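Just start10.cif here, mmCIF, C-alpha atoms:
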data_final
loop_
_atom_site.label_atom_id
_atom_site.label_comp_id
_atom_site.auth_asym_id
_atom_site.auth_seq_id
_atom_site.Cartn_x
_atom_site.Cartn_y
_atom_site.Cartn_z
CA MET A 1065 111.33 50.05 55.33
CA GLU A 1066 111.39 47.16 52.91
CA VAL A 1067 111.36 43.70 54.41
CA PRO A 1068 113.43 41.33 52.26
CA ILE A 1069 111.50 38.29 51.06
CA LEU A 1070 113.64 35.46 49.77
CA LYS A 1071 112.51 32.42 47.91
CA GLN A 1072 113.91 29.03 48.91
CA GLY A 1073 112.20 26.48 46.70
CA GLU A 1074 108.60 26.20 47.79
CA VAL A 1075 109.23 28.34 50.86
CA LEU A 1076 109.30 32.11 51.17
CA ILE A 1077 111.46 33.58 53.91
CA ALA A 1078 110.67 37.07 55.21
CA THR A 1079 113.19 38.54 57.63
CA PHE A 1080 111.82 41.25 59.89
CA GLN A 1081 114.15 44.10 60.75
CA ALA A 1082 114.30 45.56 64.24
CA ALA A 1083 111.85 48.45 64.18
CA LEU A 1084 108.90 48.02 61.89
CA SER A 1085 106.24 50.69 61.85
CA ASP A 1086 102.56 49.86 61.62
CA ALA A 1087 102.65 50.99 57.99
CA ASP A 1088 105.55 48.61 57.27
CA LEU A 1089 103.59 45.75 58.82
CA ASN A 1090 100.49 46.52 56.76
CA HIS A 1091 102.58 46.76 53.60
CA LEU A 1092 104.23 43.46 54.40
CA ARG A 1093 100.95 41.70 55.03
CA MET A 1094 99.74 42.39 51.51
CA GLY A 1095 103.18 41.87 50.00
CA LEU A 1096 103.67 38.43 51.48
CA VAL A 1097 100.31 37.10 50.36
CA GLN A 1098 100.91 38.46 46.85
CA GLN A 1099 104.25 36.69 46.73
CA VAL A 1100 102.68 33.43 47.91
CA VAL A 1101 100.21 33.71 45.04
CA LYS A 1102 102.87 34.66 42.50
CA PHE A 1103 105.29 31.84 43.36
CA ARG A 1104 102.67 29.31 44.44
CA SER A 1105 104.63 28.84 47.64
CA ARG A 1106 103.67 26.11 50.07
CA ALA A 1107 104.97 27.91 53.13
CA VAL A 1108 106.25 31.18 54.55
CA ILE A 1109 108.83 31.53 57.27
CA VAL A 1110 108.78 34.87 59.10
CA ASP A 1111 112.07 35.41 60.90
CA VAL A 1112 111.69 37.84 63.81
CA THR A 1113 115.12 37.27 65.35
CA ALA A 1114 115.93 40.98 65.01
CA MET A 1115 112.78 42.11 66.77
CA ASP A 1116 113.51 42.98 70.36
CA VAL A 1117 109.99 44.03 71.12
CA MET A 1118 106.64 42.77 69.94
CA ASP A 1119 103.54 44.81 70.54
CA SER A 1120 99.92 43.79 70.15
CA PHE A 1121 99.67 45.25 66.63
CA ALA A 1122 102.68 43.31 65.40
CA SER A 1123 101.39 40.16 67.05
CA ARG A 1124 97.94 40.56 65.54
CA THR A 1125 99.44 41.27 62.12
CA LEU A 1126 101.48 38.09 62.31
CA ARG A 1127 98.36 36.08 63.13
CA GLU A 1128 96.49 37.72 60.28
CA ILE A 1129 99.34 37.01 57.87
CA ALA A 1130 99.23 33.36 58.90
CA HIS A 1131 95.47 33.16 58.41
CA MET A 1132 95.57 34.88 55.03
CA ILE A 1133 98.36 32.61 53.87
CA ARG A 1134 96.49 29.55 55.09
CA LEU A 1135 93.58 30.61 52.88
CA ARG A 1136 96.02 30.18 50.00
CA GLY A 1137 96.70 26.67 51.23
CA ALA A 1138 100.14 27.53 52.61
CA GLU A 1139 101.69 27.19 56.04
CA THR A 1140 103.30 29.96 58.11
CA VAL A 1141 106.06 29.43 60.67
CA ILE A 1142 107.28 32.24 62.92
CA VAL A 1143 110.89 31.73 63.95
CA GLY A 1144 113.43 33.50 66.10
CA ILE A 1145 111.30 34.92 68.89
CA GLN A 1146 113.79 35.98 71.57
CA PRO A 1147 113.33 34.74 75.17
CA GLU A 1148 112.72 38.23 76.54
CA VAL A 1149 110.20 38.97 73.80
CA ALA A 1150 108.41 35.66 74.39
CA PHE A 1151 108.19 36.41 78.10
CA ALA A 1152 106.79 39.88 77.49
CA MET A 1153 104.31 38.56 74.95
CA VAL A 1154 102.77 35.95 77.20
CA GLN A 1155 102.47 38.47 80.00
CA LEU A 1156 100.44 40.68 77.68
CA GLY A 1157 98.41 37.70 76.57
CA LEU A 1158 99.75 37.71 73.00
CA THR A 1159 100.12 34.01 72.34
CA LEU A 1160 100.14 33.76 68.55
CA GLU A 1161 97.66 30.96 68.92
CA GLY A 1162 97.13 28.79 65.89
CA VAL A 1163 100.44 29.80 64.32
CA ALA A 1164 103.37 27.41 64.16
CA THR A 1165 106.58 28.56 65.79
CA ALA A 1166 110.15 27.30 65.78
CA LEU A 1167 113.40 28.29 67.43
CA ASP A 1168 115.18 29.54 64.33
CA LEU A 1169 115.34 29.33 60.55
CA GLU A 1170 116.96 25.90 60.56
CA GLU A 1171 114.30 24.49 62.86
CA GLY A 1172 111.57 26.17 60.84
CA LEU A 1173 112.76 24.60 57.59
CA ASP A 1174 113.12 21.26 59.34
CA TYR A 1175 109.54 21.48 60.61
CA LEU A 1176 108.25 22.26 57.13
CA THR A 1177 110.23 19.43 55.54
CA GLN A 1178 108.68 17.01 58.03
CA LYS A 1179 105.24 18.43 57.40
CA PHE A 1180 105.53 18.20 53.63
CA LYS A 1181 106.83 14.67 53.91
CA ASN A 1182 103.82 13.65 55.97
CA THR A 1183 101.28 15.20 53.65
CA ASP A 1184 102.86 14.20 50.33
CA MET B 773 130.36 48.67 116.28
CA GLY B 774 130.93 48.09 119.96
CA ILE B 775 134.41 49.52 119.58
CA VAL B 776 133.06 52.70 117.99
CA LEU B 777 130.73 53.24 120.95
CA LEU B 778 133.54 52.51 123.40
CA LEU B 779 135.78 55.01 121.66
CA ARG B 780 133.03 57.61 121.81
CA ASP B 781 132.67 57.12 125.56
CA VAL B 782 136.42 57.06 126.22
CA LEU B 783 136.86 60.27 124.28
CA ALA B 784 133.95 61.85 126.13
CA ARG B 785 135.46 60.93 129.46
CA SER B 786 138.86 62.32 128.51
CA LEU B 787 137.16 65.58 127.47
CA PHE B 788 135.50 65.71 130.89
CA ALA B 789 138.81 65.08 132.61
CA LYS B 790 140.59 67.74 130.63
CA TYR B 791 138.04 70.52 130.91
CA GLN B 792 136.43 69.76 134.26
CA THR B 793 137.61 73.06 135.71
CA ASP B 794 136.00 75.21 133.05
CA PHE B 795 132.30 74.25 133.04
CA LYS B 796 131.22 76.65 130.30
CA LYS B 797 134.01 75.53 127.98
CA LEU B 798 133.25 71.89 128.67
CA ASN B 799 129.62 72.43 127.69
CA ARG B 800 130.59 74.12 124.42
CA ILE B 801 132.98 71.33 123.56
CA LEU B 802 130.42 68.65 124.38
CA ASP B 803 127.81 70.45 122.28
CA ALA B 804 130.13 70.18 119.30
CA TYR B 805 131.40 66.71 120.11
CA GLU B 806 128.19 64.84 120.85
CA PRO B 807 126.38 65.18 117.49
CA ALA B 808 129.61 64.50 115.58
CA ALA B 809 130.35 61.38 117.60
CA ASN B 810 126.80 60.12 117.21
CA ARG B 811 126.88 60.73 113.47
CA ILE B 812 130.04 58.68 113.19
CA ALA B 813 128.55 55.84 115.20
CA ASN B 814 125.44 55.94 113.03
CA THR B 815 127.37 55.86 109.77
CA VAL B 816 129.33 52.84 110.89
CA ALA B 817 126.16 51.02 111.95
CA VAL B 818 124.31 51.77 108.72
CA GLY B 819 127.29 50.82 106.57
CA PHE B 820 127.62 47.55 108.42
CA VAL B 821 123.95 46.67 108.02
CA GLN B 822 123.92 47.61 104.32
CA GLU B 823 126.88 45.39 103.63
CA ARG B 824 125.26 42.45 105.42
CA GLU B 825 122.06 42.96 103.48
CA ARG B 826 123.98 43.04 100.22
CA VAL B 827 125.65 39.75 101.05
CA ILE B 828 122.34 38.20 102.05
CA ARG B 829 120.72 39.34 98.79
CA GLN B 830 123.59 37.91 96.79
CA GLN B 831 123.35 34.59 98.56
CA GLN B 832 119.59 34.46 98.15
CA GLU B 833 120.05 35.04 94.41
CA ALA B 834 122.61 32.23 94.24
CA ILE B 835 120.35 29.87 96.16
CA ARG B 836 117.46 30.67 93.86
CA GLU B 837 119.49 29.96 90.75
CA LEU B 838 120.89 26.73 92.13
CA SER B 839 117.47 25.55 93.17
CA THR B 840 115.99 25.67 89.69
CA PRO B 841 118.51 23.97 87.45
CA VAL B 842 117.66 23.45 83.81
CA LEU B 843 119.17 20.11 82.84
CA GLN B 844 119.73 18.62 79.42
CA VAL B 845 119.20 14.86 79.56
CA ARG B 846 119.09 14.10 75.84
CA GLU B 847 119.71 16.01 72.66
CA ARG B 848 116.93 18.63 72.42
CA LEU B 849 115.38 17.49 75.74
CA LEU B 850 115.49 19.58 78.90
CA ILE B 851 114.27 18.72 82.37
CA LEU B 852 113.37 21.33 84.95
CA PRO B 853 112.80 19.69 88.35
CA ILE B 854 111.18 22.11 90.77
CA ILE B 855 111.29 21.46 94.48
CA GLY B 856 109.87 23.45 97.35
CA VAL B 857 107.91 26.62 97.54
CA ILE B 858 107.47 28.75 94.47
CA ASP B 859 106.76 32.39 95.01
CA PRO B 860 106.08 34.77 92.12
CA GLN B 861 109.73 35.90 92.14
CA ARG B 862 111.07 32.38 91.90
CA ALA B 863 108.50 31.57 89.24
CA ARG B 864 109.67 34.51 87.16
CA GLN B 865 113.30 33.53 87.51
CA LEU B 866 112.43 29.97 86.60
CA THR B 867 110.79 31.15 83.39
CA GLU B 868 113.74 33.30 82.42
CA GLN B 869 116.21 30.50 83.07
CA LEU B 870 114.12 28.02 81.14
CA LEU B 871 113.66 30.25 78.10
CA ARG B 872 117.38 30.97 77.99
CA GLY B 873 118.06 27.26 78.36
CA ILE B 874 115.71 26.42 75.49
CA ARG B 875 117.55 28.80 73.21
CA THR B 876 121.04 27.76 74.29
CA ASN B 877 120.38 24.02 74.11
CA ARG B 878 118.01 24.26 71.12
CA ALA B 879 115.52 22.19 73.06
CA LYS B 880 112.41 20.89 71.35
CA VAL B 881 110.87 19.34 74.45
CA VAL B 882 110.94 20.42 78.08
CA VAL B 883 109.70 18.34 81.00
CA ILE B 884 108.81 20.47 84.01
CA ASP B 885 108.47 18.24 87.03
CA ILE B 886 106.58 19.63 90.00
CA THR B 887 106.41 16.50 92.13
CA GLY B 888 108.35 18.39 94.77
CA VAL B 889 105.90 21.27 94.86
CA ALA B 890 103.09 20.77 97.34
CA ALA B 891 100.86 23.64 96.39
CA MET B 892 100.79 26.79 94.37
CA ASP B 893 98.54 29.78 94.46
CA VAL B 894 96.65 31.19 91.51
CA THR B 895 99.39 33.71 90.66
CA VAL B 896 102.06 31.06 90.42
CA ALA B 897 99.76 28.71 88.52
CA ASN B 898 99.29 31.47 85.96
CA HIS B 899 103.06 31.88 85.79
CA LEU B 900 103.33 28.18 84.97
CA VAL B 901 100.82 28.51 82.16
CA GLN B 902 102.69 31.54 80.83
CA THR B 903 105.94 29.58 80.94
CA VAL B 904 104.37 26.87 78.82
CA GLU B 905 103.10 29.44 76.31
CA ALA B 906 106.38 31.33 76.15
CA SER B 907 108.25 28.07 75.57
CA ARG B 908 105.98 27.29 72.67
CA LEU B 909 106.87 30.64 71.10
CA LEU B 910 110.47 29.40 71.11
CA GLY B 911 109.39 26.24 69.35
CA ALA B 912 109.54 23.94 72.39
CA THR B 913 106.83 21.63 73.69
CA VAL B 914 106.38 21.54 77.46
CA ILE B 915 105.25 18.47 79.38
CA VAL B 916 104.31 19.11 83.01
CA THR B 917 104.61 16.13 85.34
CA GLY B 918 103.97 15.37 88.97
CA LEU B 919 100.93 17.52 89.63
CA SER B 920 99.63 16.97 93.13
CA PRO B 921 95.84 16.76 93.65
CA GLU B 922 95.93 20.25 95.22
CA ILE B 923 97.69 21.76 92.25
CA ALA B 924 95.41 19.96 89.83
CA GLN B 925 92.51 21.55 91.70
CA THR B 926 94.09 25.01 91.48
CA LEU B 927 94.62 24.66 87.74
CA VAL B 928 91.05 23.59 87.19
CA THR B 929 89.81 26.42 89.39
CA ILE B 930 91.62 29.10 87.42
CA GLY B 931 90.18 27.60 84.28
CA VAL B 932 93.38 26.59 82.56
CA ASP B 933 92.70 25.35 79.07
CA LEU B 934 94.00 21.82 79.58
CA GLY B 935 94.05 21.36 75.84
CA LYS B 936 96.95 23.79 75.83
CA MET B 937 98.81 22.09 78.64
CA ASN B 938 100.47 18.77 78.12
CA THR B 939 100.55 16.85 81.41
CA VAL B 940 101.65 13.38 82.41
CA GLY B 941 101.37 11.72 85.81
CA ASP B 942 104.98 11.24 86.81
CA LEU B 943 108.46 12.17 85.67
CA GLN B 944 109.16 8.76 84.19
CA GLY B 945 106.04 8.98 82.05
CA GLY B 946 106.95 12.49 81.06
CA ILE B 947 110.42 11.52 79.91
CA GLU B 948 109.04 8.57 78.00
CA GLN B 949 106.58 10.77 76.18
CA ALA B 950 109.27 13.34 75.50
CA GLU B 951 111.45 10.65 73.98
CA ARG B 952 108.59 9.53 71.78
CA LEU B 953 108.03 13.11 70.61
CA LEU B 954 111.70 13.41 69.74
CA GLY B 955 111.72 10.11 67.89
CA TYR B 956 113.73 8.15 70.39
CA LYS B 957 112.99 4.53 71.09
CA VAL B 958 114.53 3.03 74.21
CA VAL B 959 115.13 -0.73 74.23
CA THR B 960 117.10 -2.94 76.56
CA LEU B 961 120.21 -4.61 75.19
CA ALA B 962 118.48 -7.98 75.53
CA GLU B 963 115.75 -6.82 73.17
CA THR B 964 118.21 -5.72 70.52
CA ARG B 965 119.78 -9.14 70.14
#
The structure given in the file should be rewritten as structure tokens.
Amino acid sequence: MEVPILKQGEVLIATFQAALSDADLNHLRMGLVQQVVKFRSRAVIVDVTAMDVMDSFASRTLREIAHMIRLRGAETVIVGIQPEVAFAMVQLGLTLEGVATALDLEEGLDYLTQKFKNTD
Amino acid sequence: MGIVLLLRDVLARSLFAKYQTDFKKLNRILDAYEPAANRIANTVAVGFVQERERVIRQQQEAIRELSTPVLQVRERLLILPIIGVIDPQRARQLTEQLLRGIRTNRAKVVVIDITGVAAMDVTVANHLVQTVEASRLLGATVIVTGLSPEIAQTLVTIGVDLGKMNTVGDLQGGIEQAERLLGYKVVTLAETR
């Protein structure tokens, strides 16, 4: 399943669909970093609003994506984690530590705008 | 229930009266009547108790929800004042209500005040930590205020990473810090002149 990656200025927005297989996640990991390189993006927003379940593989992949993207000097923000998913995640000890999170796309973009303003 | 038992006895007596001349027949009738009558009495009793229990459960649920209100006091700022005893069930409900509240109110900061909580065991303390982490996943910062010495001890004992938990002494301090985080500045009218 292809995950759509949209470009919004210096930010890439990847919107996860509901059921992503491990293969999809692996594919996406490489794809996102390649896009960051190609467009010289400063940040990536991963929108997981449509995900109603988050397992340890998905969680680890998200952390790895964030780390890889940081190595390219860009920021990652995960947005749209649903309350039930967040609850399940913390119970399993999947905290997405070290990765920025925001309520939704609007908040994510807001956060990045603030961040860019502070560092420019 | 009392009426059902009375009816059973009255009916039994009338059966006696009617068939007292024929002993064998009376016995046969009673053999059929007794288990049926007792089953009826039992069904009524069980139904009654089940209904009461259902009402009690409903009321307990309502009390639990009312006792952990999630209140918006400023744009993007929620306060969750907790009072009384928290058991794991209440803690879980608290977390669910808070997370829903964060999403509905688009809160960026939450102040959880536990001044009214005397003590919590390790399980509940872990729930609190999980609540803070889950809130962060929804993009909200949590400030915990009003920790009693006992609770502070419990948190240290379970090895909570205090770097991950934002705490302030009292509710007032917590709200002030929340306002700062949100970019509010509160001044008296005298100061603005």
In the coordinates of the file, take the point (111.2, 18.5, 90.0) and a cut-off of 12 Å; then, counting all atoms listed in the file, name each qualifying protein, DNA or RNA residue as an mmCIF file with C-alpha atoms, in the frame of the given file.
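And here's part01.cif as it stands now:
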data_model
loop_
_atom_site.group_PDB
_atom_site.id
_atom_site.type_symbol
_atom_site.label_atom_id
_atom_site.label_comp_id
_atom_site.auth_asym_id
_atom_site.auth_seq_id
_atom_site.Cartn_x
_atom_site.Cartn_y
_atom_site.Cartn_z
ATOM 1 C CA SER B 839 117.470 25.550 93.170
ATOM 2 C CA THR B 840 115.990 25.670 89.690
ATOM 3 C CA PRO B 841 118.510 23.970 87.450
ATOM 4 C CA VAL B 842 117.660 23.450 83.810
ATOM 5 C CA LEU B 843 119.170 20.110 82.840
ATOM 6 C CA LEU B 850 115.490 19.580 78.900
ATOM 7 C CA ILE B 851 114.270 18.720 82.370
ATOM 8 C CA LEU B 852 113.370 21.330 84.950
ATOM 9 C CA PRO B 853 112.800 19.690 88.350
ATOM 10 C CA ILE B 854 111.180 22.110 90.770
ATOM 11 C CA ILE B 855 111.290 21.460 94.480
ATOM 12 C CA GLY B 856 109.870 23.450 97.350
ATOM 13 C CA VAL B 857 107.910 26.620 97.540
ATOM 14 C CA ILE B 858 107.470 28.750 94.470
ATOM 15 C CA VAL B 883 109.700 18.340 81.000
ATOM 16 C CA ILE B 884 108.810 20.470 84.010
ATOM 17 C CA ASP B 885 108.470 18.240 87.030
ATOM 18 C CA ILE B 886 106.580 19.630 90.000
ATOM 19 C CA THR B 887 106.410 16.500 92.130
ATOM 20 C CA GLY B 888 108.350 18.390 94.770
ATOM 21 C CA VAL B 889 105.900 21.270 94.860
ATOM 22 C CA ALA B 890 103.090 20.770 97.340
ATOM 23 C CA VAL B 916 104.310 19.110 83.010
ATOM 24 C CA THR B 917 104.610 16.130 85.340
ATOM 25 C CA GLY B 918 103.970 15.370 88.970
ATOM 26 C CA LEU B 919 100.930 17.520 89.630
ATOM 27 C CA ASP B 942 104.980 11.240 86.810
ATOM 28 C CA LEU B 943 108.460 12.170 85.670
ATOM 29 C CA GLN B 944 109.160 8.760 84.190
ATOM 30 C CA GLY B 946 106.950 12.490 81.060
#
Contacts of Arg872 in chain B at 12 Å (all atoms listed in the file; same-chain gap of 3+ positions) as number ranges by chain: A: 1145-1151, 1167; B: 841-842, 850, 865-869, 875-879, 903, 906-907, 910, 912
Draw an axis-aligned box over all listed atoms of range 790-797 of chain B, pad each side with 8 Å, and write its centre and edge lengths in Å, one decimal, as lines of an AutoDock Vina configuration file.
center_x = 135.9
center_y = 72.2
center_z = 131.8
size_x = 25.4
size_y = 24.9
size_z = 23.7
Interatomic distance between CA of Pro860 in chain B and CA of Gly873 in chain B? 19.7 Å
For the file shown, what are the residues hit by the PyMOL selection byres ((chain A) within 10 of (chain B)), laid out as a PyMOL selection string? chain A and resi 1141-1161+1163-1168+1171-1172+1175
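In this model, the gap between CA of Met773 in chain B and CA of Phe820 in chain B comes to 8.4 Å.
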Between A:Thr1177, A:Asn1182, A:Val1075, A:Gly1162, which residue has the minimum interatomic distance to Val1100 in chain A, considering only C-alpha atoms?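 Smallest distance to Val1100 in chain A is found for A:Val1075.
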The PyMOL selection byres ((chain A and resi 1073) around 12) applied to the shown file, residues as a ChimeraX atom specification: /A:1070-1072,1074-1077,1100,1103-1108,1173,1176-1177
Contacts of Leu927 in chain B at 10 Å (all atoms listed in the file; same-chain gap of 3+ positions) as a list in words: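 With the cut-off at 10 Å, the set is Met892, Asp893, Val894, Ala897, Asn898, Leu900, Val901, Leu919, Pro921, Glu922, Ile923, Ala924, Ile930, Gly931, Val932, Asp933 and Leu934 of chain B.
In this comparison, which uses all atoms listed in the file, the residue of A:Leu1169, A:Ala1138, A:Ala1130, A:Leu1096 approaching Asp1111 in chain A most closely is A:Leu1169.
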Could you state the separation of CA of Val1097 in chain A and CA of Thr913 in chain B in Å, given to one decimal place?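 Going from CA of Val1097 in chain A over to CA of Thr913 in chain B covers 28.7 Å.
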Quick check on the file I pasted: which residues fall under the PyMOL selection byres ((chain B and resi 776-784) around 12)? Write them as number ranges by chain. B: 773-775, 785-792, 798-799, 801-817
So, counting only C-alpha atoms, which residue among A:Asp1174, A:Ile1129, A:Arg1136, A:Phe1080 is closest to Met1094 in chain A?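 The closest residue to Met1094 in chain A is A:Ile1129.
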Supply range 1097-1130 of chain A as an mmCIF file, keeping the file's coordinate frame, with N, CA and C atoms built in where the input has gaps.
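rebuild.cif written:
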data_model
loop_
_atom_site.group_PDB
_atom_site.id
_atom_site.type_symbol
_atom_site.label_atom_id
_atom_site.label_comp_id
_atom_site.auth_asym_id
_atom_site.auth_seq_id
_atom_site.Cartn_x
_atom_site.Cartn_y
_atom_site.Cartn_z
ATOM 1 N N VAL A 1097 101.365 37.917 50.974
ATOM 2 C CA VAL A 1097 100.310 37.100 50.360
ATOM 3 C C VAL A 1097 100.424 37.156 48.837
ATOM 4 N N GLN A 1098 100.738 38.341 48.309
ATOM 5 C CA GLN A 1098 100.910 38.460 46.850
ATOM 6 C C GLN A 1098 102.031 37.563 46.357
ATOM 7 N N GLN A 1099 103.118 37.527 47.126
ATOM 8 C CA GLN A 1099 104.250 36.690 46.730
ATOM 9 C C GLN A 1099 103.890 35.213 46.774
ATOM 10 N N VAL A 1100 103.111 34.832 47.796
ATOM 11 C CA VAL A 1100 102.680 33.430 47.910
ATOM 12 C C VAL A 1100 101.888 33.041 46.664
ATOM 13 N N VAL A 1101 101.014 33.959 46.243
ATOM 14 C CA VAL A 1101 100.210 33.710 45.040
ATOM 15 C C VAL A 1101 101.116 33.617 43.829
ATOM 16 N N LYS A 1102 102.018 34.580 43.688
ATOM 17 C CA LYS A 1102 102.870 34.660 42.500
ATOM 18 C C LYS A 1102 103.751 33.429 42.339
ATOM 19 N N PHE A 1103 104.350 32.955 43.458
ATOM 20 C CA PHE A 1103 105.290 31.840 43.360
ATOM 21 C C PHE A 1103 104.658 30.500 43.712
ATOM 22 N N ARG A 1104 103.369 30.532 44.041
ATOM 23 C CA ARG A 1104 102.670 29.310 44.440
ATOM 24 C C ARG A 1104 103.436 28.610 45.561
ATOM 25 N N SER A 1105 103.850 29.398 46.537
ATOM 26 C CA SER A 1105 104.630 28.840 47.640
ATOM 27 C C SER A 1105 103.760 27.968 48.533
ATOM 28 N N ARG A 1106 104.408 26.987 49.154
ATOM 29 C CA ARG A 1106 103.670 26.110 50.070
ATOM 30 C C ARG A 1106 103.783 26.584 51.513
ATOM 31 N N ALA A 1107 104.818 27.452 51.745
ATOM 32 C CA ALA A 1107 104.970 27.910 53.130
ATOM 33 C C ALA A 1107 105.724 29.233 53.195
ATOM 34 N N VAL A 1108 105.535 29.932 54.291
ATOM 35 C CA VAL A 1108 106.250 31.180 54.550
ATOM 36 C C VAL A 1108 106.885 31.099 55.921
ATOM 37 N N ILE A 1109 108.169 31.444 55.964
ATOM 38 C CA ILE A 1109 108.830 31.530 57.270
ATOM 39 C C ILE A 1109 109.048 33.011 57.564
ATOM 40 N N VAL A 1110 108.547 33.477 58.703
ATOM 41 C CA VAL A 1110 108.780 34.870 59.100
ATOM 42 C C VAL A 1110 109.811 34.863 60.226
ATOM 43 N N ASP A 1111 110.970 35.426 59.931
ATOM 44 C CA ASP A 1111 112.070 35.410 60.900
ATOM 45 C C ASP A 1111 112.073 36.723 61.684
ATOM 46 N N VAL A 1112 111.752 36.621 62.980
ATOM 47 C CA VAL A 1112 111.690 37.840 63.810
ATOM 48 C C VAL A 1112 112.849 37.925 64.790
ATOM 49 N N THR A 1113 113.962 37.262 64.462
ATOM 50 C CA THR A 1113 115.120 37.270 65.350
ATOM 51 C C THR A 1113 115.547 38.687 65.713
ATOM 52 N N ALA A 1114 115.455 39.613 64.760
ATOM 53 C CA ALA A 1114 115.930 40.980 65.010
ATOM 54 C C ALA A 1114 114.949 41.833 65.782
ATOM 55 N N MET A 1115 113.756 41.309 66.032
ATOM 56 C CA MET A 1115 112.780 42.110 66.770
ATOM 57 C C MET A 1115 113.011 41.968 68.258
ATOM 58 N N ASP A 1116 113.315 43.099 68.920
ATOM 59 C CA ASP A 1116 113.510 42.980 70.360
ATOM 60 C C ASP A 1116 112.284 43.412 71.141
ATOM 61 N N VAL A 1117 111.241 43.748 70.422
ATOM 62 C CA VAL A 1117 109.990 44.030 71.120
ATOM 63 C C VAL A 1117 108.839 43.686 70.192
ATOM 64 N N MET A 1118 107.777 43.164 70.750
ATOM 65 C CA MET A 1118 106.640 42.770 69.940
ATOM 66 C C MET A 1118 105.378 43.315 70.592
ATOM 67 N N ASP A 1119 104.747 44.255 69.932
ATOM 68 C CA ASP A 1119 103.540 44.810 70.540
ATOM 69 C C ASP A 1119 102.298 44.101 70.011
ATOM 70 N N SER A 1120 101.144 44.515 70.499
ATOM 71 C CA SER A 1120 99.920 43.790 70.150
ATOM 72 C C SER A 1120 99.595 43.938 68.667
ATOM 73 N N PHE A 1121 99.962 45.077 68.055
ATOM 74 C CA PHE A 1121 99.670 45.250 66.630
ATOM 75 C C PHE A 1121 100.514 44.297 65.797
ATOM 76 N N ALA A 1122 101.802 44.213 66.139
ATOM 77 C CA ALA A 1122 102.680 43.310 65.400
ATOM 78 C C ALA A 1122 102.210 41.873 65.551
ATOM 79 N N SER A 1123 101.839 41.523 66.778
ATOM 80 C CA SER A 1123 101.390 40.160 67.050
ATOM 81 C C SER A 1123 100.129 39.841 66.270
ATOM 82 N N ARG A 1124 99.186 40.790 66.270
ATOM 83 C CA ARG A 1124 97.940 40.560 65.540
ATOM 84 C C ARG A 1124 98.207 40.463 64.045
ATOM 85 N N THR A 1125 99.110 41.308 63.550
ATOM 86 C CA THR A 1125 99.440 41.270 62.120
ATOM 87 C C THR A 1125 100.028 39.924 61.747
ATOM 88 N N LEU A 1126 100.896 39.392 62.604
ATOM 89 C CA LEU A 1126 101.480 38.090 62.310
ATOM 90 C C LEU A 1126 100.402 37.013 62.227
ATOM 91 N N ARG A 1127 99.442 37.068 63.160
ATOM 92 C CA ARG A 1127 98.360 36.080 63.130
ATOM 93 C C ARG A 1127 97.543 36.233 61.860
ATOM 94 N N GLU A 1128 97.277 37.504 61.489
ATOM 95 C CA GLU A 1128 96.490 37.720 60.280
ATOM 96 C C GLU A 1128 97.232 37.239 59.043
ATOM 97 N N ILE A 1129 98.536 37.497 58.987
ATOM 98 C CA ILE A 1129 99.340 37.010 57.870
ATOM 99 C C ILE A 1129 99.197 35.497 57.762
ATOM 100 N N ALA A 1130 99.320 34.819 58.905
ATOM 101 C CA ALA A 1130 99.230 33.360 58.900
ATOM 102 C C ALA A 1130 97.870 32.891 58.394
#
